[in-house]
>>> print(open('my_file.txt').read())   # compact mmCIF, C-alpha atoms
# COMPACT_ATOMS: atom_id res chain seq x y z
CA MET L 1 -1.12 -22.34 -8.45
CA GLU L 2 -4.10 -20.76 -6.70
CA ILE L 3 -4.06 -19.79 -3.08
CA THR L 4 -7.15 -19.20 -0.93
CA LEU L 5 -7.98 -16.41 1.51
CA ASP L 6 -7.84 -18.98 4.32
CA GLN L 7 -4.32 -20.02 3.36
CA LEU L 8 -3.27 -16.40 3.21
CA SER L 9 -4.83 -15.74 6.65
CA GLU L 10 -2.96 -18.67 8.13
CA TRP L 11 0.35 -17.41 6.72
CA LEU L 12 -0.40 -13.93 8.06
CA ARG L 13 -1.13 -15.33 11.50
CA ARG L 14 2.32 -16.94 11.54
CA TYR L 15 3.94 -13.82 10.07
CA PHE L 16 2.61 -11.51 12.79
CA TYR L 17 3.33 -14.12 15.44
CA ALA L 18 6.94 -14.13 14.24
CA TRP L 19 6.98 -10.31 14.35
CA VAL L 20 6.28 -10.54 18.10
CA SER L 21 8.39 -13.60 18.94
CA ASN L 22 11.34 -12.44 16.80
CA ASP L 23 12.48 -16.06 16.88
CA PRO L 24 14.38 -17.30 13.80
CA ASP L 25 12.53 -20.62 14.06
CA ASP L 26 9.23 -18.78 13.58
CA VAL L 27 10.49 -16.49 10.81
CA SER L 28 12.37 -19.03 8.73
CA PRO L 29 9.46 -21.32 7.68
CA LEU L 30 7.53 -18.33 6.32
CA PHE L 31 9.98 -17.85 3.43
CA ALA L 32 11.27 -19.90 0.54
CA GLU L 33 14.99 -20.43 0.30
CA ASP L 34 15.20 -18.02 -2.65
CA ALA L 35 12.60 -15.52 -1.40
CA VAL L 36 12.97 -11.82 -2.18
CA TYR L 37 11.93 -9.38 0.54
CA PHE L 38 11.26 -5.74 -0.35
CA TYR L 39 11.04 -3.33 2.59
CA GLY L 40 9.65 -0.55 0.44
CA PRO L 41 9.35 0.27 -3.26
CA PHE L 42 12.52 2.34 -3.37
CA ASP L 43 14.77 0.16 -1.21
CA ALA L 44 16.95 -2.71 -2.37
CA PRO L 45 15.47 -6.06 -1.34
CA THR L 46 17.05 -8.78 0.73
CA ARG L 47 17.45 -12.01 -1.24
CA GLY L 48 17.33 -15.47 0.27
CA ARG L 49 15.81 -16.93 3.43
CA ASP L 50 18.98 -16.72 5.49
CA GLY L 51 19.45 -13.03 4.86
CA ILE L 52 15.78 -12.30 5.46
CA VAL L 53 15.79 -14.09 8.81
CA LYS L 54 19.02 -12.43 9.85
CA ARG L 55 17.71 -8.97 9.07
CA TRP L 56 14.33 -9.73 10.68
CA VAL L 57 15.77 -10.73 14.06
CA ALA L 58 18.63 -8.20 14.06
CA ASP L 59 16.24 -5.69 15.66
CA PRO L 60 18.65 -2.88 16.60
CA ASP L 61 15.95 -1.15 18.64
CA LYS L 62 13.93 -3.83 20.41
CA GLN L 63 10.16 -3.57 20.01
CA PHE L 64 7.68 -4.36 22.77
CA ASP L 65 3.96 -3.94 23.55
CA ILE L 66 3.33 -5.04 19.97
CA THR L 67 -0.26 -5.27 18.82
CA SER L 68 -1.21 -6.17 15.27
CA ARG L 69 -4.35 -6.22 13.18
CA TYR L 70 -4.41 -7.74 9.74
CA LYS L 71 -6.84 -8.95 7.15
CA ALA L 72 -6.47 -11.10 4.08
CA ILE L 73 -8.35 -9.01 1.52
CA ALA L 74 -7.72 -10.60 -1.87
CA VAL L 75 -6.00 -13.44 -3.65
CA ASN L 76 -5.08 -13.71 -7.31
CA ARG L 77 -3.39 -16.94 -8.41
CA ASN L 78 -0.32 -17.19 -6.16
CA LEU L 79 -0.54 -13.59 -4.93
CA GLY L 80 -2.07 -12.61 -1.61
CA VAL L 81 -2.99 -9.06 -0.63
CA ALA L 82 -3.34 -8.15 3.04
CA TYR L 83 -4.11 -5.05 5.04
CA TRP L 84 -2.15 -4.67 8.27
CA ASN L 85 -1.65 -2.29 11.17
CA VAL L 86 0.92 -2.69 13.91
CA LYS L 87 1.56 -0.59 17.01
CA PHE L 88 4.60 -0.98 19.19
CA ARG L 89 7.03 0.78 21.48
CA THR L 90 10.77 0.56 21.21
CA GLN L 91 13.46 0.46 23.83
CA SER L 92 15.02 3.76 22.72
CA SER L 93 11.73 5.68 23.00
CA ASP L 94 9.52 3.71 25.32
CA THR L 95 7.15 6.55 26.16
CA GLN L 96 5.61 6.70 22.70
CA PHE L 97 3.98 4.29 20.32
CA ASN L 98 4.92 3.76 16.71
CA GLU L 99 2.11 2.88 14.35
CA LEU L 100 2.58 1.31 10.94
CA ASP L 101 -0.33 0.85 8.54
CA GLY L 102 0.10 -0.80 5.21
CA LEU L 103 -0.71 -3.16 2.45
CA LEU L 104 1.31 -6.31 1.99
CA LEU L 105 1.69 -8.30 -1.23
CA VAL L 106 2.94 -11.83 -0.87
CA ARG L 107 3.65 -14.32 -3.64
CA PHE L 108 3.71 -17.98 -2.65
CA ASN L 109 5.19 -21.21 -3.93
CA SER L 110 3.30 -24.51 -3.81
CA ALA L 111 4.59 -25.13 -0.26
CA MET L 112 2.89 -21.86 0.81
CA GLU L 113 6.25 -20.28 1.46
CA CYS L 114 6.64 -16.65 0.51
CA ILE L 115 8.76 -16.19 -2.59
CA GLU L 116 8.25 -12.43 -2.88
CA HIS L 117 7.33 -9.93 -0.18
CA LYS L 118 6.42 -6.33 -1.02
CA GLU L 119 4.83 -3.69 1.13
CA TRP L 120 3.74 -0.08 1.16
CA TYR L 121 2.97 1.62 4.46
CA SER L 122 2.78 4.80 6.48
CA HIS L 123 4.43 5.36 9.83
CA ARG L 124 3.50 7.72 12.63
CA VAL L 125 4.52 8.30 16.20
CA ILE L 126 1.76 8.55 18.81
CA LYS L 127 2.94 10.55 21.82
CA MET F 1 -24.98 -5.58 -5.33
CA SER F 2 -23.45 -6.83 -8.52
CA ALA F 3 -19.82 -7.83 -8.60
CA ILE F 4 -17.42 -5.60 -10.43
CA THR F 5 -15.37 -7.03 -13.26
CA LEU F 6 -11.73 -6.71 -14.17
CA ARG F 7 -12.87 -4.55 -17.08
CA ASP F 8 -14.72 -2.15 -14.75
CA PHE F 9 -11.64 -1.67 -12.65
CA GLU F 10 -9.33 -1.34 -15.66
CA ASP F 11 -11.59 1.35 -17.01
CA TRP F 12 -11.67 3.21 -13.69
CA LEU F 13 -7.89 2.99 -13.29
CA ASP F 14 -7.22 4.22 -16.85
CA LYS F 15 -9.45 7.25 -16.30
CA TYR F 16 -7.87 7.94 -12.93
CA GLY F 17 -4.39 7.93 -14.48
CA GLN F 18 -5.47 10.15 -17.37
CA ALA F 19 -7.11 12.62 -15.01
CA TRP F 20 -3.96 12.81 -12.91
CA GLU F 21 -1.68 13.27 -15.93
CA ARG F 22 -3.88 16.10 -17.16
CA GLY F 23 -4.19 17.62 -13.69
CA ASP F 24 -7.93 17.68 -14.30
CA ALA F 25 -9.89 17.70 -11.03
CA GLU F 26 -13.21 17.66 -12.96
CA ARG F 27 -12.28 14.35 -14.50
CA VAL F 28 -11.19 13.01 -11.13
CA ILE F 29 -14.46 13.70 -9.33
CA ARG F 30 -16.44 12.00 -12.12
CA LEU F 31 -14.78 8.80 -10.91
CA PHE F 32 -16.16 9.17 -7.39
CA THR F 33 -19.63 8.99 -5.86
CA ASP F 34 -21.07 12.20 -4.37
CA ASP F 35 -20.40 10.94 -0.86
CA ALA F 36 -17.10 9.14 -1.50
CA ASN F 37 -14.52 8.85 1.25
CA TYR F 38 -10.98 9.43 0.04
CA TYR F 39 -8.11 8.45 2.32
CA GLU F 40 -4.90 9.96 0.98
CA THR F 41 -2.99 8.31 3.81
CA PRO F 42 -4.16 5.79 6.41
CA PHE F 43 -3.71 8.25 9.30
CA ASP F 44 -5.48 11.32 7.96
CA LYS F 45 -9.22 11.80 8.09
CA PRO F 46 -10.73 11.08 4.70
CA MET F 47 -11.79 13.76 2.30
CA ASN F 48 -15.51 13.40 1.92
CA GLY F 49 -17.47 14.17 -1.23
CA HIS F 50 -16.86 15.87 -4.56
CA GLU F 51 -16.06 19.32 -3.23
CA ALA F 52 -13.27 18.13 -0.93
CA ILE F 53 -11.83 15.77 -3.52
CA HIS F 54 -11.98 18.47 -6.19
CA ARG F 55 -10.15 20.94 -3.96
CA TYR F 56 -7.44 18.41 -3.13
CA TRP F 57 -6.88 17.53 -6.77
CA SER F 58 -6.97 21.07 -8.13
CA GLU F 59 -4.51 22.29 -5.48
CA GLY F 60 -2.29 19.23 -5.88
CA ALA F 61 -2.15 17.82 -9.36
CA GLY F 62 -3.79 20.87 -10.95
CA GLN F 63 -1.53 23.63 -9.64
CA SER F 64 1.60 22.20 -8.06
CA GLN F 65 2.58 19.36 -10.36
CA LYS F 66 3.61 19.14 -13.99
CA ASP F 67 4.90 16.53 -16.44
CA VAL F 68 3.01 13.77 -14.61
CA GLN F 69 3.57 10.24 -15.89
CA PHE F 70 1.34 7.61 -14.35
CA SER F 71 1.36 3.85 -14.70
CA ALA F 72 -0.48 1.11 -12.85
CA GLN F 73 -0.86 -2.64 -12.69
CA ILE F 74 -3.96 -4.42 -11.43
CA LEU F 75 -3.16 -6.84 -8.64
CA ALA F 76 -6.56 -8.26 -7.74
CA VAL F 77 -10.26 -7.61 -8.12
CA GLY F 78 -12.73 -8.56 -5.40
CA GLU F 79 -16.51 -8.54 -5.14
CA ASP F 80 -16.80 -4.75 -5.06
CA PHE F 81 -13.22 -3.48 -5.08
CA GLY F 82 -10.02 -3.44 -7.04
CA ILE F 83 -6.41 -3.26 -5.89
CA ALA F 84 -3.61 -1.84 -8.04
CA ARG F 85 0.00 -0.88 -7.75
CA TRP F 86 0.86 2.48 -9.26
CA GLN F 87 3.87 4.63 -10.05
CA ALA F 88 3.96 8.33 -10.80
CA LYS F 89 6.74 10.63 -11.83
CA LEU F 90 6.20 14.35 -11.75
CA VAL F 91 7.87 17.70 -11.37
CA ARG F 92 6.86 19.96 -8.49
CA VAL F 93 5.82 23.51 -9.27
CA PRO F 94 7.42 25.91 -8.59
CA SER F 95 10.45 24.18 -7.00
CA GLY F 96 11.26 22.06 -10.06
CA LYS F 97 11.95 19.10 -7.78
CA GLN F 98 11.58 15.74 -9.43
CA VAL F 99 9.38 13.36 -7.51
CA ALA F 100 8.78 9.65 -7.88
CA LEU F 101 5.85 8.08 -6.10
CA ASP F 102 5.13 4.38 -5.76
CA GLY F 103 2.01 3.09 -4.12
CA VAL F 104 -0.90 0.72 -3.91
CA LEU F 105 -4.52 1.76 -4.03
CA LEU F 106 -7.70 0.04 -2.99
CA ALA F 107 -10.85 1.37 -4.62
CA SER F 108 -14.35 0.17 -3.71
CA LEU F 109 -16.66 0.72 -6.66
CA ASP F 110 -20.43 0.91 -6.80
CA GLU F 111 -22.60 -0.71 -9.47
CA TRP F 112 -22.03 2.30 -11.76
CA GLY F 113 -18.28 1.94 -11.56
CA LYS F 114 -17.82 4.98 -9.32
CA CYS F 115 -15.53 4.83 -6.34
CA LYS F 116 -17.17 4.95 -2.91
CA VAL F 117 -14.09 4.44 -0.76
CA PHE F 118 -10.54 5.13 -1.86
CA ARG F 119 -7.50 4.12 0.18
CA GLU F 120 -3.84 4.28 -0.69
CA TRP F 121 -0.43 3.63 0.80
CA TRP F 122 2.53 5.19 -0.95
CA HIS F 123 6.18 6.11 -0.74
CA ARG F 124 8.04 9.03 -2.26
CA ILE F 125 11.53 9.97 -3.32
CA GLU F 126 12.57 13.43 -4.45
CA ARG F 127 15.58 14.98 -5.98
CA GLU F 128 16.61 18.53 -6.66
CA GLU F 129 15.85 20.30 -9.88
CA TYR F 130 16.12 17.99 -12.81
CA MET F 131 18.64 19.21 -15.36
>>> encode(input="my_file.txt", output="structure tokens")
Amino acid sequence: MEITLDQLSEWLRRYFYAWVSNDPDDVSPLFAEDAVYFYGPFDAPTRGRDGIVKRWVADPDKQFDITSRYKAIAVNRNLGVAYWNVKFRTQSSDTQFNELDGLLLVRFNSAMECIEHKEWYSHRVIK
Amino acid sequence: MSAITLRDFEDWLDKYGQAWERGDAERVIRLFTDDANYYETPFDKPMNGHEAIHRYWSEGAGQSQKDVQFSAQILAVGEDFGIARWQAKLVRVPSGKQVALDGVLLASLDEWGKCKVFREWWHRIEREEYM
């Protein structure tokens, strides 16, 4: 199957919306039932939609003032590549911003659900 | 502006990997335009031009790394850029620490196949001296 940049952009819009809302009903439809979610190249992934949603919303240190930028930059068959940057504060350190900047690789099934999520990113704290 | 091909990017990526494995900064800068911007991380100012890129590579790969093994897989090729995932294993000099790096790179190429803008995002794990 071939995805388009527009389809990838639409999925990204919902993905970053779900980041802010942290609502399982927004997160769940993004992923296939058997999706695999890698948090980084050296970390064990979470397998399956239920586990992904659970980990997503668990949010031990609640984020707020979240702003995100993202761009669908390439597609190749069922793979989408996106650039993203997110800034947020957290409850435990609300005087500083965290900034994440990365590249996201998402593989889709024919229902445009993510079947594989991989990302590489840098993190910094802005005082 | 002519579109780059998969072959162009494959060629660039092969040479990049070889240059890194050899720790050869001369080979690295041949892959970049004179005024290339090289972002080693998204938050640092880019290195600009051959001199800065040469210094970075000769101090890094040239002098403080050995036994570098590089591999890469092309993920997508756009109008004037390529995106690849890469892995590198190396030993730090002089500490002997073993390092594994895993990243993605985005290289914008000009019509001569030289990189104008280089961006990468990567993660690292290290362990003490490898026995």
>>> interface_residues(input="my_file.txt", of="chain F", to="chain L", cutoff="12 Å", atoms="all atoms listed in the file", output="ChimeraX atom specification")
/F:6,40-44,74-87,100-106,119-126
>>> atom_distance(input="my_file.txt", atom1="CA of Ser68 in chain L", atom2="CA of Val125 in chain L")
15.6 Å
>>> residues_around(input="my_file.txt", residues="Asp67 in chain F", least_positions_apart="6", cutoff="9 Å", atoms="all atoms listed in the file", output="short mmCIF file (atom, residue, chain, number, x, y, z; two decimals) with C-alpha atoms, keeping the file's coordinate frame")
data_model
loop_
_atom_site.label_atom_id
_atom_site.label_comp_id
_atom_site.auth_asym_id
_atom_site.auth_seq_id
_atom_site.Cartn_x
_atom_site.Cartn_y
_atom_site.Cartn_z
CA GLU F 21 -1.68 13.27 -15.93
CA ARG F 22 -3.88 16.10 -17.16
CA LYS F 89 6.74 10.63 -11.83
CA LEU F 90 6.20 14.35 -11.75
CA VAL F 91 7.87 17.70 -11.37
CA ARG F 92 6.86 19.96 -8.49
#
>>> closest_residue(input="my_file.txt", among="F:Trp112, F:Arg55, F:Gln69, F:Gly62", to="Val93 in chain F", atoms="only C-alpha atoms")
F:Gly62
>>> closest_residue(input="my_file.txt", among="L:Leu5, L:Ile126, L:Val57, L:Val36", to="Ala18 in chain L", atoms="only C-alpha atoms")
L:Val57
>>> closest_residue(input="my_file.txt", among="L:Ser110, L:Arg55, L:Lys87, L:Pro24", to="Phe38 in chain L", atoms="all atoms listed in the file")
L:Arg55
>>> closest_residue(input="my_file.txt", among="L:Thr67, L:Val53, L:Tyr83, L:Val106", to="Trp11 in chain L", atoms="only C-alpha atoms")
L:Val106
>>> axis_aligned_box(input="my_file.txt", around="range 108-123 of chain F", padding_each_side="8 Å", output="JSON")
{"center_x": -8.2, "center_y": 2.7, "center_z": -5.5, "size_x": 44.8, "size_y": 22.8, "size_z": 28.6}
>>> atom_distance(input="my_file.txt", atom1="CA of Glu10 in chain F", atom2="CA of Gln73 in chain F")
9.1 Å
>>> residues_around(input="my_file.txt", residues="Arg127 in chain F", least_positions_apart="6", cutoff="9 Å", atoms="all atoms listed in the file", output="MDAnalysis selection string")
chainID F and resid 97:100
>>> residues_around(input="my_file.txt", residues="His50 in chain F", least_positions_apart="3", cutoff="10 Å", atoms="only C-alpha atoms", output="list in words")
Ala25, Glu26, Val28, Ile29, Arg30, Leu31, Phe32, Thr33, Asp34, Asp35, Ala36, Asn37, Tyr38, Met47, Ile53, His54, Arg55 and Tyr56 of chain F
>>> atom_distance(input="my_file.txt", atom1="CA of Gln91 in chain L", atom2="CA of Ala58 in chain L")
14.0 Å
>>> decode(input="my_file.txt", residues="range 52-106 of chain L", atoms="C-alpha atoms", output="short mmCIF file (atom, residue, chain, number, x, y, z; two decimals), in the first residue's frame")
data_model
loop_
_atom_site.label_atom_id
_atom_site.label_comp_id
_atom_site.auth_asym_id
_atom_site.auth_seq_id
_atom_site.Cartn_x
_atom_site.Cartn_y
_atom_site.Cartn_z
CA ILE L 52 0.46 1.66 24.02
CA VAL L 53 -2.60 3.62 25.13
CA LYS L 54 -2.04 2.70 28.76
CA ARG L 55 1.57 3.85 28.68
CA TRP L 56 0.68 7.00 26.72
CA VAL L 57 -1.89 8.26 29.23
CA ALA L 58 -0.05 7.06 32.36
CA ASP L 59 1.83 10.38 32.38
CA PRO L 60 3.57 10.20 35.78
CA ASP L 61 4.61 13.85 35.51
CA LYS L 62 1.75 15.76 33.92
CA GLN L 63 2.70 17.97 30.98
CA PHE L 64 1.15 21.37 30.29
CA ASP L 65 1.72 24.43 28.08
CA ILE L 66 2.39 21.97 25.26
CA THR L 67 3.20 23.40 21.85
CA SER L 68 4.07 21.22 18.89
CA ARG L 69 5.39 21.73 15.39
CA TYR L 70 5.55 18.91 12.91
CA LYS L 71 5.94 18.30 9.23
CA ALA L 72 5.32 15.31 7.03
CA ILE L 73 8.56 15.19 5.05
CA ALA L 74 8.52 11.94 3.09
CA VAL L 75 6.53 8.83 2.33
CA ASN L 76 7.75 5.53 0.94
CA ARG L 77 5.11 2.84 0.39
CA ASN L 78 3.47 2.42 3.81
CA LEU L 79 6.17 4.35 5.68
CA GLY L 80 5.81 7.98 6.70
CA VAL L 81 8.68 10.16 7.90
CA ALA L 82 7.94 13.26 9.95
CA TYR L 83 9.94 15.98 11.65
CA TRP L 84 8.59 17.14 15.00
CA ASN L 85 9.38 19.51 17.84
CA VAL L 86 7.46 19.74 21.09
CA LYS L 87 7.89 22.09 24.04
CA PHE L 88 6.15 21.61 27.35
CA ARG L 89 6.37 22.14 31.08
CA THR L 90 5.76 19.47 33.66
CA GLN L 91 4.15 19.60 37.05
CA SER L 92 7.34 18.62 38.89
CA SER L 93 9.39 21.42 37.31
CA ASP L 94 6.95 24.04 36.14
CA THR L 95 9.45 26.88 35.91
CA GLN L 96 11.31 25.40 32.95
CA PHE L 97 10.43 24.14 29.52
CA ASN L 98 11.41 20.79 28.08
CA GLU L 99 12.04 20.67 24.37
CA LEU L 100 12.07 17.52 22.28
CA ASP L 101 13.11 17.55 18.63
CA GLY L 102 13.04 14.46 16.53
CA LEU L 103 12.26 12.40 13.53
CA LEU L 104 9.36 9.97 13.59
CA LEU L 105 8.94 6.90 11.38
CA VAL L 106 5.46 5.48 11.15
#
